[in-house]
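> For reference, the file entry-v3.cif (mmCIF, C-alpha atoms and all ligand atoms) is included below:
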```cif
data_run
loop_
_atom_site.label_atom_id
_atom_site.label_comp_id
_atom_site.auth_asym_id
_atom_site.auth_seq_id
_atom_site.Cartn_x
_atom_site.Cartn_y
_atom_site.Cartn_z
CA MET A 1 -59.28 107.93 -36.46
CA GLU A 2 -62.33 110.00 -37.47
CA GLU A 3 -63.68 107.63 -40.08
CA LYS A 4 -62.72 104.42 -38.26
CA VAL A 5 -65.38 102.12 -36.83
CA ILE A 6 -63.91 100.51 -33.73
CA ILE A 7 -65.31 97.73 -31.51
CA ILE A 8 -63.99 97.77 -27.94
CA THR A 9 -64.95 94.77 -25.80
CA GLY A 10 -64.86 95.25 -22.04
CA ALA A 11 -65.52 98.97 -22.47
CA SER A 12 -67.40 99.40 -19.19
CA SER A 13 -64.34 99.51 -16.95
CA GLY A 14 -60.55 99.83 -16.70
CA ILE A 15 -58.45 99.71 -19.88
CA GLY A 16 -61.51 99.35 -22.15
CA ALA A 17 -63.22 102.40 -20.62
CA ALA A 18 -60.01 104.45 -20.81
CA THR A 19 -59.63 103.40 -24.46
CA ALA A 20 -63.23 104.35 -25.27
CA ILE A 21 -62.75 107.82 -23.76
CA TYR A 22 -59.38 108.24 -25.50
CA PHE A 23 -60.77 107.27 -28.94
CA SER A 24 -63.92 109.38 -28.49
CA LYS A 25 -61.61 112.41 -28.22
CA LEU A 26 -60.25 111.40 -31.67
CA SER A 27 -63.84 111.32 -33.01
CA ALA A 28 -63.76 107.60 -33.85
CA LYS A 29 -67.05 105.76 -34.40
CA LEU A 30 -67.24 103.52 -31.36
CA VAL A 31 -69.02 100.29 -30.51
CA LEU A 32 -68.79 99.70 -26.76
CA VAL A 33 -69.39 96.16 -25.49
CA ALA A 34 -69.73 94.77 -21.94
CA ARG A 35 -72.23 92.94 -19.73
CA ASN A 36 -73.01 95.69 -17.20
CA PRO A 37 -75.45 98.13 -18.86
CA THR A 38 -75.19 100.80 -16.15
CA ASN A 39 -71.41 101.05 -16.33
CA LEU A 40 -71.52 100.87 -20.12
CA ARG A 41 -74.01 103.77 -20.30
CA ARG A 42 -71.86 105.86 -17.96
CA ILE A 43 -68.82 105.45 -20.23
CA ALA A 44 -70.92 106.03 -23.37
CA LEU A 45 -72.27 109.32 -21.95
CA TYR A 46 -68.74 110.42 -21.17
CA CYS A 47 -67.68 109.61 -24.75
CA GLU A 48 -70.69 111.44 -26.19
CA LYS A 49 -69.87 114.56 -24.17
CA SER A 50 -66.30 114.62 -25.43
CA SER A 51 -66.98 113.83 -29.11
CA GLY A 52 -70.57 115.00 -29.66
CA THR A 53 -71.43 111.59 -31.14
CA ALA A 54 -73.11 108.76 -29.25
CA PRO A 55 -71.28 105.43 -29.40
CA LEU A 56 -73.26 102.30 -30.19
CA THR A 57 -73.49 100.48 -26.86
CA LEU A 58 -74.13 96.75 -26.86
CA THR A 59 -74.83 94.90 -23.63
CA ALA A 60 -73.37 91.52 -24.42
CA ASP A 61 -71.46 88.61 -22.93
CA VAL A 62 -68.57 87.69 -25.23
CA THR A 63 -68.63 84.09 -23.98
CA GLU A 64 -72.07 83.73 -25.63
CA GLU A 65 -71.89 82.91 -29.36
CA LEU A 66 -75.24 84.55 -30.13
CA ASP A 67 -74.08 87.75 -28.42
CA ASN A 68 -70.95 87.81 -30.58
CA GLU A 69 -73.05 87.37 -33.73
CA ARG A 70 -75.21 90.32 -32.56
CA ILE A 71 -72.12 92.49 -31.88
CA ILE A 72 -70.84 92.12 -35.45
CA ARG A 73 -74.30 92.28 -37.08
CA GLU A 74 -75.38 95.44 -35.24
CA THR A 75 -72.01 97.14 -35.80
CA VAL A 76 -72.24 96.66 -39.55
CA GLU A 77 -75.95 97.56 -39.66
CA HIS A 78 -75.31 100.75 -37.67
CA PHE A 79 -72.03 102.00 -39.17
CA GLY A 80 -71.86 100.08 -42.47
CA LYS A 81 -68.38 98.67 -41.82
CA LEU A 82 -65.78 97.61 -39.26
CA ASP A 83 -62.18 98.90 -39.19
CA VAL A 84 -60.69 97.92 -35.84
CA LEU A 85 -61.50 95.11 -33.39
CA ILE A 86 -60.07 95.62 -29.90
CA ASN A 87 -60.35 92.33 -27.99
CA ASN A 88 -59.97 93.71 -24.48
CA ALA A 89 -62.61 91.99 -22.29
CA GLY A 90 -60.88 89.70 -19.84
CA VAL A 91 -61.05 88.17 -16.40
CA ILE A 92 -58.50 86.84 -13.94
CA GLY A 93 -58.82 83.82 -11.64
CA MET A 94 -56.70 82.94 -8.65
CA GLY A 95 -54.84 79.73 -7.88
CA GLY A 96 -52.09 77.48 -9.12
CA ILE A 97 -52.36 73.80 -10.12
CA LYS A 98 -52.88 72.76 -6.45
CA THR A 99 -55.49 75.34 -5.51
CA SER A 100 -57.46 76.51 -8.57
CA THR A 101 -60.81 75.02 -9.59
CA MET A 102 -61.95 73.79 -12.99
CA GLU A 103 -64.67 76.45 -12.80
CA THR A 104 -61.95 79.13 -12.66
CA PHE A 105 -60.16 77.48 -15.59
CA ASP A 106 -63.37 77.38 -17.68
CA THR A 107 -64.38 80.98 -16.94
CA VAL A 108 -60.94 82.39 -17.64
CA MET A 109 -60.34 80.37 -20.81
CA SER A 110 -63.82 80.98 -22.24
CA THR A 111 -63.51 84.76 -21.72
CA ASN A 112 -59.84 85.39 -22.45
CA ILE A 113 -59.31 83.07 -25.42
CA ARG A 114 -62.46 81.25 -26.67
CA ALA A 115 -64.46 84.48 -26.92
CA VAL A 116 -61.59 86.24 -28.70
CA TYR A 117 -61.32 83.35 -31.16
CA HIS A 118 -65.05 83.46 -31.92
CA LEU A 119 -65.50 87.25 -32.15
CA THR A 120 -62.40 87.54 -34.33
CA LYS A 121 -63.68 84.78 -36.63
CA LEU A 122 -66.94 86.70 -37.13
CA ALA A 123 -65.15 90.03 -37.63
CA VAL A 124 -62.58 88.83 -40.17
CA PRO A 125 -64.72 89.07 -43.37
CA HIS A 126 -65.51 92.72 -42.53
CA LEU A 127 -61.88 93.50 -41.62
CA ILE A 128 -60.72 92.02 -44.93
CA THR A 129 -63.14 94.33 -46.75
CA SER A 130 -61.92 97.41 -44.85
CA LYS A 131 -58.22 96.33 -44.72
CA GLY A 132 -58.63 96.83 -41.01
CA CYS A 133 -56.77 95.54 -37.98
CA ILE A 134 -57.06 93.74 -34.66
CA VAL A 135 -55.50 94.66 -31.33
CA ASN A 136 -55.67 92.03 -28.58
CA ILE A 137 -55.12 93.08 -24.97
CA SER A 138 -52.89 90.39 -23.53
CA CYS A 139 -50.62 90.61 -20.48
CA ILE A 140 -46.98 90.06 -19.49
CA ALA A 141 -48.39 87.12 -17.50
CA GLY A 142 -48.48 85.29 -20.85
CA SER A 143 -44.69 85.10 -20.88
CA LYS A 144 -43.77 85.51 -17.19
CA PRO A 145 -44.73 82.48 -15.07
CA ASN A 146 -46.09 82.97 -11.57
CA THR A 147 -47.65 80.62 -9.02
CA SER A 148 -50.91 82.41 -8.23
CA THR A 149 -52.86 82.90 -11.50
CA LEU A 150 -52.20 79.79 -13.59
CA ALA A 151 -55.35 79.80 -15.75
CA TYR A 152 -54.94 83.53 -16.48
CA ASN A 153 -51.27 83.10 -17.45
CA ILE A 154 -51.93 80.28 -19.88
CA SER A 155 -54.93 82.09 -21.39
CA LYS A 156 -52.68 85.06 -22.19
CA ALA A 157 -49.91 82.78 -23.55
CA ALA A 158 -52.57 81.29 -25.85
CA LEU A 159 -53.71 84.78 -26.84
CA ASP A 160 -50.16 85.77 -27.81
CA HIS A 161 -49.82 82.73 -30.05
CA PHE A 162 -53.30 83.38 -31.48
CA THR A 163 -52.12 86.91 -32.35
CA LYS A 164 -49.10 85.58 -34.23
CA CYS A 165 -50.92 82.76 -36.09
CA VAL A 166 -53.81 84.99 -37.18
CA ALA A 167 -51.40 87.77 -38.18
CA LEU A 168 -49.65 85.28 -40.48
CA GLU A 169 -52.94 84.02 -41.93
CA LEU A 170 -54.42 87.47 -42.56
CA ALA A 171 -51.31 89.26 -43.83
CA PRO A 172 -52.09 88.41 -47.49
CA ASP A 173 -55.54 89.97 -46.93
CA GLY A 174 -53.98 93.22 -45.71
CA VAL A 175 -55.29 92.77 -42.14
CA ARG A 176 -52.79 93.39 -39.32
CA VAL A 177 -53.03 91.66 -35.93
CA ASN A 178 -51.05 92.70 -32.84
CA SER A 179 -51.30 92.43 -29.10
CA ILE A 180 -50.44 94.75 -26.25
CA ASN A 181 -49.03 93.11 -23.12
CA PRO A 182 -49.30 95.42 -20.12
CA GLY A 183 -47.84 94.95 -16.68
CA LEU A 184 -49.91 96.09 -13.73
CA VAL A 185 -52.60 98.62 -14.66
CA LYS A 186 -54.81 100.21 -12.00
CA THR A 187 -58.29 98.83 -12.85
CA ASN A 188 -61.07 96.73 -11.31
CA LEU A 189 -59.56 93.44 -12.57
CA LEU A 190 -58.28 92.27 -9.16
CA LYS A 191 -61.18 93.80 -7.17
CA ASN A 192 -63.59 91.74 -9.27
CA ILE A 193 -62.15 88.48 -7.97
CA GLY A 194 -62.77 89.56 -4.41
CA LEU A 195 -59.38 90.87 -3.23
CA ASN A 196 -60.00 93.30 -0.35
CA GLU A 197 -58.21 96.65 0.00
CA ASP A 198 -55.42 95.20 2.20
CA GLN A 199 -54.78 92.28 -0.18
CA LEU A 200 -54.80 94.67 -3.15
CA GLU A 201 -52.34 97.00 -1.45
CA MET A 202 -50.04 94.07 -0.66
CA PHE A 203 -50.30 92.79 -4.26
CA VAL A 204 -49.51 96.20 -5.76
CA LYS A 205 -46.60 96.69 -3.33
CA ASN A 206 -45.11 93.32 -4.35
CA VAL A 207 -45.47 94.03 -8.07
CA LEU A 208 -44.03 97.55 -7.82
CA GLY A 209 -41.12 96.13 -5.81
CA ASN A 210 -40.22 94.16 -8.95
CA THR A 211 -40.96 96.97 -11.42
CA PRO A 212 -37.84 98.98 -12.35
CA LEU A 213 -39.80 102.17 -13.16
CA LYS A 214 -41.71 101.80 -9.83
CA LYS A 215 -45.04 102.77 -11.36
CA GLN A 216 -48.29 101.19 -12.49
CA VAL A 217 -49.27 101.61 -16.15
CA GLU A 218 -52.16 104.04 -16.81
CA GLY A 219 -55.13 102.97 -18.94
CA ASP A 220 -54.64 105.85 -21.36
CA GLU A 221 -51.01 104.82 -21.95
CA VAL A 222 -52.40 101.50 -23.22
CA ALA A 223 -54.96 103.42 -25.30
CA ALA A 224 -52.20 105.51 -26.90
CA LEU A 225 -50.38 102.33 -27.91
CA ILE A 226 -53.62 100.94 -29.39
CA GLU A 227 -53.99 104.17 -31.38
CA PHE A 228 -50.47 103.74 -32.77
CA LEU A 229 -51.03 100.08 -33.70
CA ALA A 230 -54.39 100.86 -35.32
CA SER A 231 -52.94 103.74 -37.34
CA ASP A 232 -51.08 103.85 -40.65
CA LYS A 233 -47.91 104.65 -38.68
CA ALA A 234 -47.90 100.92 -37.83
CA LYS A 235 -48.60 99.76 -41.41
CA SER A 236 -45.54 97.45 -41.37
CA ILE A 237 -46.27 96.01 -37.93
CA THR A 238 -48.10 92.71 -37.54
CA GLY A 239 -47.82 89.66 -35.30
CA THR A 240 -46.09 91.52 -32.47
CA CYS A 241 -46.73 91.55 -28.72
CA TYR A 242 -46.02 95.08 -27.48
CA VAL A 243 -44.90 95.11 -23.85
CA ILE A 244 -45.80 98.11 -21.66
CA ASP A 245 -44.81 97.17 -18.13
CA GLY A 246 -42.48 99.68 -16.50
CA GLY A 247 -39.65 97.21 -17.10
CA SER A 248 -41.18 94.29 -15.11
CA LEU A 249 -40.07 91.68 -17.64
CA LEU A 250 -36.46 92.74 -17.13
CA LYS A 251 -36.49 91.12 -13.69
N1 LIG A 301 -55.30 95.50 -14.90
C1 LIG A 301 -54.14 94.97 -15.21
O1 LIG A 301 -53.17 95.04 -14.44
C2 LIG A 301 -53.96 94.28 -16.54
C3 LIG A 301 -52.65 93.96 -16.92
C4 LIG A 301 -52.45 93.33 -18.13
C5 LIG A 301 -53.53 93.01 -18.94
N2 LIG A 301 -54.80 93.33 -18.54
C6 LIG A 301 -55.89 92.95 -19.44
O2 LIG A 301 -56.65 94.08 -19.76
C7 LIG A 301 -57.97 93.68 -20.14
C8 LIG A 301 -58.97 94.59 -19.44
O3 LIG A 301 -58.89 94.37 -18.05
P1 LIG A 301 -58.96 95.55 -16.97
O4 LIG A 301 -57.71 95.48 -16.18
O5 LIG A 301 -59.36 96.82 -17.60
O6 LIG A 301 -60.08 94.94 -16.01
P2 LIG A 301 -61.55 95.44 -15.62
O7 LIG A 301 -61.50 96.84 -15.12
O8 LIG A 301 -62.08 94.37 -14.71
O9 LIG A 301 -62.32 95.41 -17.00
C9 LIG A 301 -62.66 94.20 -17.63
C10 LIG A 301 -63.71 94.49 -18.67
O10 LIG A 301 -64.06 93.28 -19.34
C11 LIG A 301 -65.48 93.16 -19.35
N3 LIG A 301 -65.86 91.76 -19.40
C12 LIG A 301 -65.43 90.75 -18.59
N4 LIG A 301 -66.02 89.59 -18.95
C13 LIG A 301 -66.83 89.88 -20.00
C14 LIG A 301 -67.69 89.11 -20.80
N5 LIG A 301 -67.86 87.79 -20.59
N6 LIG A 301 -68.37 89.71 -21.80
C15 LIG A 301 -68.21 91.04 -22.03
N7 LIG A 301 -67.40 91.83 -21.30
C16 LIG A 301 -66.72 91.25 -20.29
C17 LIG A 301 -65.93 93.88 -18.07
O11 LIG A 301 -67.25 94.39 -18.20
P3 LIG A 301 -68.59 93.76 -17.57
O12 LIG A 301 -68.24 93.23 -16.22
O13 LIG A 301 -69.51 94.92 -17.59
O14 LIG A 301 -68.96 92.70 -18.55
C18 LIG A 301 -64.97 95.07 -18.06
O15 LIG A 301 -65.46 96.09 -18.90
C19 LIG A 301 -58.10 92.20 -19.75
O16 LIG A 301 -57.99 91.41 -20.90
C20 LIG A 301 -56.89 91.99 -18.82
O17 LIG A 301 -56.43 90.67 -18.84
C21 LIG A 301 -55.03 93.96 -17.36
#
```
In structure tokens, how does this file's structure come out?

Amino acid sequence: MEEKVIIITGASSGIGAATAIYFSKLSAKLVLVARNPTNLRRIALYCEKSSGTAPLTLTADVTEELDNERIIRETVEHFGKLDVLINNAGVIGMGGIKTSTMETFDTVMSTNIRAVYHLTKLAVPHLITSKGCIVNISCIAGSKPNTSTLAYNISKAALDHFTKCVALELAPDGVRVNSINPGLVKTNLLKNIGLNEDQLEMFVKNVLGNTPLKKQVEGDEVAALIEFLASDKAKSITGTCYVIDGGSLLK
């Protein structure tokens, strides 16, 4: 990974932060993107300590088109190229068709699918030049219906289909596109929508009750799968949705 220039969106927390730290240990050239500058700086410092090289940190909101233009422009100005785009930034919103609001729908869809569509569109010319690849962080919620996070589930179903369509379109250009679909990972995703400790504990207990391996996925397990998909070991793999869920989808 040493010579690879890698953009990680949502690098200030959870899976994105774990991935940044994981790839910094492989001496990749990192571009870390998120809205919260304090958290982003904390992760960047951690990466710099482990690799000796400072990542490029960009405080940006991926739902803003101008921010996405800046992400790609500054990446290419700083590193001269782009090899891997990791579309990881995402949000969850609670509620089914009876209880959710249109505001939740708009926030979730604009972050989890519209932003991915736009940032990918801007990245593609550079990825074609580098024969690079894209890894989208989706979720098993995209294929497993539930009653409590409708907007989130359909955003991830859309992301999975986006992965497959774009993989088909970019295959002749030598650009591979895959997604990773985790089950429950211990991050701030659920805390950020206001679940308190008791509600979180209850949620985790319910999910683990339906998880054959009885464990949550770790962020660096997701990072290791990203490394595989971004490497030449996966040179024949495109358009797939890799499940990492402790067996949840079996039930
Ligand atoms: N945790 C799970 O159980 C789980 C399971 C399956 C899939 N996933 C997926 O994994 C991805 C990462 O989530 P996580 O669990 O690591 O949650 P997290 O800890 O809440 O991290 C989400 C990241 O996305 C960033 N972000 C959110 N909205 C953004 C925006 N508009 N612009 C730029 N950055 C934005 C956040 O940073 P700022 O707030 O600083 O912007 C943060 O760095 C998501 O796509 C999620 O759907 C999570």
> Set the cut-off to 6 Å, count all atoms listed in the file, and list whatever residues fall near ligand LIG 301 (chain A) as number ranges by chain.
A: 9-16, 34-36, 60-63, 88-91, 111, 137-139, 182-189
> Find the residues around Ile86 (chain A) up to 8 Å (all atoms listed in the file counted), leave out those fewer than 6 positions away in its own chain, and share them as a ChimeraX atom specification.
/A:6-9,134-137
> Find the distance between CA of Ile154 (chain A) and CA of Val108 (chain A) and write it in Å to one decimal.
9.5 Å
> At most 6 Å is the cut-off: for each residue in region 91-199 of chain A with any atom that close to an atom of region 229-241 of chain A, write down the nearest atom pair and the distance in Å rounded to one decimal, counting only C-alpha atoms, chain first then increasing number, as JSON lines.

```
{"residue": "A:Thr163", "atom": "CA", "partner": "A:Gly239", "partner_atom": "CA", "distance": 5.9}
{"residue": "A:Lys164", "atom": "CA", "partner": "A:Gly239", "partner_atom": "CA", "distance": 4.4}
{"residue": "A:Ala167", "atom": "CA", "partner": "A:Gly239", "partner_atom": "CA", "distance": 5.0}
{"residue": "A:Arg176", "atom": "CA", "partner": "A:Thr238", "partner_atom": "CA", "distance": 5.1}
{"residue": "A:Val177", "atom": "CA", "partner": "A:Thr238", "partner_atom": "CA", "distance": 5.3}
{"residue": "A:Asn178", "atom": "CA", "partner": "A:Gly239", "partner_atom": "CA", "distance": 5.1}
{"residue": "A:Ser179", "atom": "CA", "partner": "A:Cys241", "partner_atom": "CA", "distance": 4.7}
{"residue": "A:Ile180", "atom": "CA", "partner": "A:Cys241", "partner_atom": "CA", "distance": 5.5}
```
> Can you list, as a PyMOL selection string, every protein, DNA or RNA residue that comes within 12 Å of Val207 (chain A) when you count all atoms listed in the file, leaving out same-chain residues fewer than 2 positions away?
chain A and resi 146+183-186+200-205+209-217+245-249+251
> Suppose you want the space between CA of Phe23 (chain A) and CA of Ile92 (chain A); what is it in Å?
25.4 Å
> Restricting the calculation to all atoms listed in the file: of A:Ala18, A:Val124, A:Cys165, A:Thr59, which residue gets closest to Cys47 (chain A)?
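Looking at the shortest contact to Cys47 (chain A), the residue is A:Ala18.
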> Mind pulling up the distance from CA of Met109 (chain A) to CA of His161 (chain A)?
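CA of His161 (chain A) sits 14.2 Å away from CA of Met109 (chain A).
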> Can you pull out the residues contacting Tyr152 (chain A)? Cut-off 12 Å, using all atoms listed in the file, and skip same-chain residues under 4 positions away; I want them as a JSON list (two decimals) with C-alpha atoms, keeping the file's coordinate frame.

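What follows is the written file part-v7.json:
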```json
[["chain", "number", "residue", "atom", "x", "y", "z"],
["A", 90, "GLY", "CA", -60.88, 89.70, -19.84],
["A", 91, "VAL", "CA", -61.05, 88.17, -16.40],
["A", 92, "ILE", "CA", -58.50, 86.84, -13.94],
["A", 93, "GLY", "CA", -58.82, 83.82, -11.64],
["A", 94, "MET", "CA", -56.70, 82.94, -8.65],
["A", 95, "GLY", "CA", -54.84, 79.73, -7.88],
["A", 96, "GLY", "CA", -52.09, 77.48, -9.12],
["A", 97, "ILE", "CA", -52.36, 73.80, -10.12],
["A", 100, "SER", "CA", -57.46, 76.51, -8.57],
["A", 104, "THR", "CA", -61.95, 79.13, -12.66],
["A", 105, "PHE", "CA", -60.16, 77.48, -15.59],
["A", 106, "ASP", "CA", -63.37, 77.38, -17.68],
["A", 107, "THR", "CA", -64.38, 80.98, -16.94],
["A", 108, "VAL", "CA", -60.94, 82.39, -17.64],
["A", 109, "MET", "CA", -60.34, 80.37, -20.81],
["A", 110, "SER", "CA", -63.82, 80.98, -22.24],
["A", 111, "THR", "CA", -63.51, 84.76, -21.72],
["A", 112, "ASN", "CA", -59.84, 85.39, -22.45],
["A", 113, "ILE", "CA", -59.31, 83.07, -25.42],
["A", 138, "SER", "CA", -52.89, 90.39, -23.53],
["A", 139, "CYS", "CA", -50.62, 90.61, -20.48],
["A", 140, "ILE", "CA", -46.98, 90.06, -19.49],
["A", 141, "ALA", "CA", -48.39, 87.12, -17.50],
["A", 142, "GLY", "CA", -48.48, 85.29, -20.85],
["A", 143, "SER", "CA", -44.69, 85.10, -20.88],
["A", 144, "LYS", "CA", -43.77, 85.51, -17.19],
["A", 145, "PRO", "CA", -44.73, 82.48, -15.07],
["A", 146, "ASN", "CA", -46.09, 82.97, -11.57],
["A", 147, "THR", "CA", -47.65, 80.62, -9.02],
["A", 148, "SER", "CA", -50.91, 82.41, -8.23],
["A", 156, "LYS", "CA", -52.68, 85.06, -22.19],
["A", 157, "ALA", "CA", -49.91, 82.78, -23.55],
["A", 158, "ALA", "CA", -52.57, 81.29, -25.85],
["A", 159, "LEU", "CA", -53.71, 84.78, -26.84],
["A", 189, "LEU", "CA", -59.56, 93.44, -12.57],
["A", 190, "LEU", "CA", -58.28, 92.27, -9.16]]
```
> Between A:Thr101, A:Ala223, A:Lys81, A:Ser50, which has the minimum distance to Val31 (chain A) (counting all atoms listed in the file)?
A:Lys81
> Any idea what's packed within 12 Å of Arg70 (chain A), counting only C-alpha atoms, ignoring anything in its chain fewer than 3 positions away? Could you give it as a short mmCIF file (atom, residue, chain, number, x, y, z; two decimals) with C-alpha atoms, in the coordinates of the input?

```cif
data_model
loop_
_atom_site.label_atom_id
_atom_site.label_comp_id
_atom_site.auth_asym_id
_atom_site.auth_seq_id
_atom_site.Cartn_x
_atom_site.Cartn_y
_atom_site.Cartn_z
CA VAL A 31 -69.02 100.29 -30.51
CA VAL A 33 -69.39 96.16 -25.49
CA THR A 57 -73.49 100.48 -26.86
CA LEU A 58 -74.13 96.75 -26.86
CA THR A 59 -74.83 94.90 -23.63
CA ALA A 60 -73.37 91.52 -24.42
CA ASP A 61 -71.46 88.61 -22.93
CA VAL A 62 -68.57 87.69 -25.23
CA GLU A 64 -72.07 83.73 -25.63
CA GLU A 65 -71.89 82.91 -29.36
CA LEU A 66 -75.24 84.55 -30.13
CA ASP A 67 -74.08 87.75 -28.42
CA ARG A 73 -74.30 92.28 -37.08
CA GLU A 74 -75.38 95.44 -35.24
CA THR A 75 -72.01 97.14 -35.80
CA VAL A 76 -72.24 96.66 -39.55
CA GLU A 77 -75.95 97.56 -39.66
CA HIS A 78 -75.31 100.75 -37.67
CA LEU A 119 -65.50 87.25 -32.15
CA LEU A 122 -66.94 86.70 -37.13
CA ALA A 123 -65.15 90.03 -37.63
#
```
> Can you work out which one of A:Glu48, A:Glu218, A:Asp198, A:Asp160 has the shortest atom-to-atom distance to Ile21 (chain A), counting all atoms listed in the file?
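Counting all atoms listed in the file, the residue closest to Ile21 (chain A) is A:Glu48.
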> Box for region 32-47 of chain A - axis-aligned, 3 Å on each of the six sides, all listed atoms - centre and size in Å to one decimal, as JSON.

```
{"center_x": -71.6, "center_y": 101.7, "center_z": -21.5, "size_x": 13.8, "size_y": 23.5, "size_z": 16.6}
```
> So which residues touch Asp173 (chain A) within 12 Å, counting all atoms listed in the file, skipping near sequence neighbours fewer than 5 positions away, as a list in words?
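Contacts, with the query itself left out: Val124, Pro125, His126, Leu127, Ile128, Thr129, Ser130, Lys131, Gly132, Cys133, Val166, Ala167 and Leu168 of chain A.
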> With C-alpha atoms kept, could you save the residues just selected as a tab-separated table (two decimals), in the coordinates of the input?

```tsv
chain	number	residue	atom	x	y	z
A	124	VAL	CA	-62.58	88.83	-40.17
A	125	PRO	CA	-64.72	89.07	-43.37
A	126	HIS	CA	-65.51	92.72	-42.53
A	127	LEU	CA	-61.88	93.50	-41.62
A	128	ILE	CA	-60.72	92.02	-44.93
A	129	THR	CA	-63.14	94.33	-46.75
A	130	SER	CA	-61.92	97.41	-44.85
A	131	LYS	CA	-58.22	96.33	-44.72
A	132	GLY	CA	-58.63	96.83	-41.01
A	133	CYS	CA	-56.77	95.54	-37.98
A	166	VAL	CA	-53.81	84.99	-37.18
A	167	ALA	CA	-51.40	87.77	-38.18
A	168	LEU	CA	-49.65	85.28	-40.48
```
> Missing atoms in region 175-191 of chain A: fill them in up to N, CA and C atoms and send the result as a PDB file, in the frame of the given file.

```pdb
ATOM      1  N   VAL A 175     -54.777  92.537 -43.499  1.00  0.00           N
ATOM      2  CA  VAL A 175     -55.290  92.770 -42.140  1.00  0.00           C
ATOM      3  C   VAL A 175     -54.154  92.526 -41.151  1.00  0.00           C
ATOM      4  N   ARG A 176     -53.868  93.536 -40.306  1.00  0.00           N
ATOM      5  CA  ARG A 176     -52.790  93.390 -39.320  1.00  0.00           C
ATOM      6  C   ARG A 176     -53.369  92.981 -37.964  1.00  0.00           C
ATOM      7  N   VAL A 177     -52.585  92.174 -37.232  1.00  0.00           N
ATOM      8  CA  VAL A 177     -53.030  91.660 -35.930  1.00  0.00           C
ATOM      9  C   VAL A 177     -51.869  91.798 -34.942  1.00  0.00           C
ATOM     10  N   ASN A 178     -52.096  92.531 -33.859  1.00  0.00           N
ATOM     11  CA  ASN A 178     -51.050  92.700 -32.840  1.00  0.00           C
ATOM     12  C   ASN A 178     -51.657  92.587 -31.451  1.00  0.00           C
ATOM     13  N   SER A 179     -50.790  92.370 -30.472  1.00  0.00           N
ATOM     14  CA  SER A 179     -51.300  92.430 -29.100  1.00  0.00           C
ATOM     15  C   SER A 179     -50.496  93.445 -28.300  1.00  0.00           C
ATOM     16  N   ILE A 180     -51.120  93.889 -27.214  1.00  0.00           N
ATOM     17  CA  ILE A 180     -50.440  94.750 -26.250  1.00  0.00           C
ATOM     18  C   ILE A 180     -50.398  93.979 -24.944  1.00  0.00           C
ATOM     19  N   ASN A 181     -49.213  93.915 -24.334  1.00  0.00           N
ATOM     20  CA  ASN A 181     -49.030  93.110 -23.120  1.00  0.00           C
ATOM     21  C   ASN A 181     -48.630  94.016 -21.961  1.00  0.00           C
ATOM     22  N   PRO A 182     -49.641  94.521 -21.225  1.00  0.00           N
ATOM     23  CA  PRO A 182     -49.300  95.420 -20.120  1.00  0.00           C
ATOM     24  C   PRO A 182     -48.822  94.659 -18.890  1.00  0.00           C
ATOM     25  N   GLY A 183     -48.066  95.388 -18.056  1.00  0.00           N
ATOM     26  CA  GLY A 183     -47.840  94.950 -16.680  1.00  0.00           C
ATOM     27  C   GLY A 183     -49.023  95.419 -15.861  1.00  0.00           C
ATOM     28  N   LEU A 184     -48.788  95.730 -14.605  1.00  0.00           N
ATOM     29  CA  LEU A 184     -49.910  96.090 -13.730  1.00  0.00           C
ATOM     30  C   LEU A 184     -50.522  97.439 -14.104  1.00  0.00           C
ATOM     31  N   VAL A 185     -51.839  97.406 -14.354  1.00  0.00           N
ATOM     32  CA  VAL A 185     -52.600  98.620 -14.660  1.00  0.00           C
ATOM     33  C   VAL A 185     -53.637  98.773 -13.550  1.00  0.00           C
ATOM     34  N   LYS A 186     -53.846 100.013 -13.093  1.00  0.00           N
ATOM     35  CA  LYS A 186     -54.810 100.210 -12.000  1.00  0.00           C
ATOM     36  C   LYS A 186     -56.227 100.142 -12.561  1.00  0.00           C
ATOM     37  N   THR A 187     -56.916  99.010 -12.352  1.00  0.00           N
ATOM     38  CA  THR A 187     -58.290  98.830 -12.850  1.00  0.00           C
ATOM     39  C   THR A 187     -59.066  98.006 -11.820  1.00  0.00           C
ATOM     40  N   ASN A 188     -60.258  97.551 -12.230  1.00  0.00           N
ATOM     41  CA  ASN A 188     -61.070  96.730 -11.310  1.00  0.00           C
ATOM     42  C   ASN A 188     -60.776  95.233 -11.418  1.00  0.00           C
ATOM     43  N   LEU A 189     -59.787  94.853 -12.269  1.00  0.00           N
ATOM     44  CA  LEU A 189     -59.560  93.440 -12.570  1.00  0.00           C
ATOM     45  C   LEU A 189     -59.401  92.592 -11.291  1.00  0.00           C
ATOM     46  N   LEU A 190     -58.563  93.063 -10.371  1.00  0.00           N
ATOM     47  CA  LEU A 190     -58.280  92.270  -9.160  1.00  0.00           C
ATOM     48  C   LEU A 190     -59.403  92.407  -8.131  1.00  0.00           C
ATOM     49  N   LYS A 191     -60.038  93.603  -8.091  1.00  0.00           N
ATOM     50  CA  LYS A 191     -61.180  93.800  -7.170  1.00  0.00           C
ATOM     51  C   LYS A 191     -62.297  92.817  -7.511  1.00  0.00           C
TER      52      LYS A 191
END
```
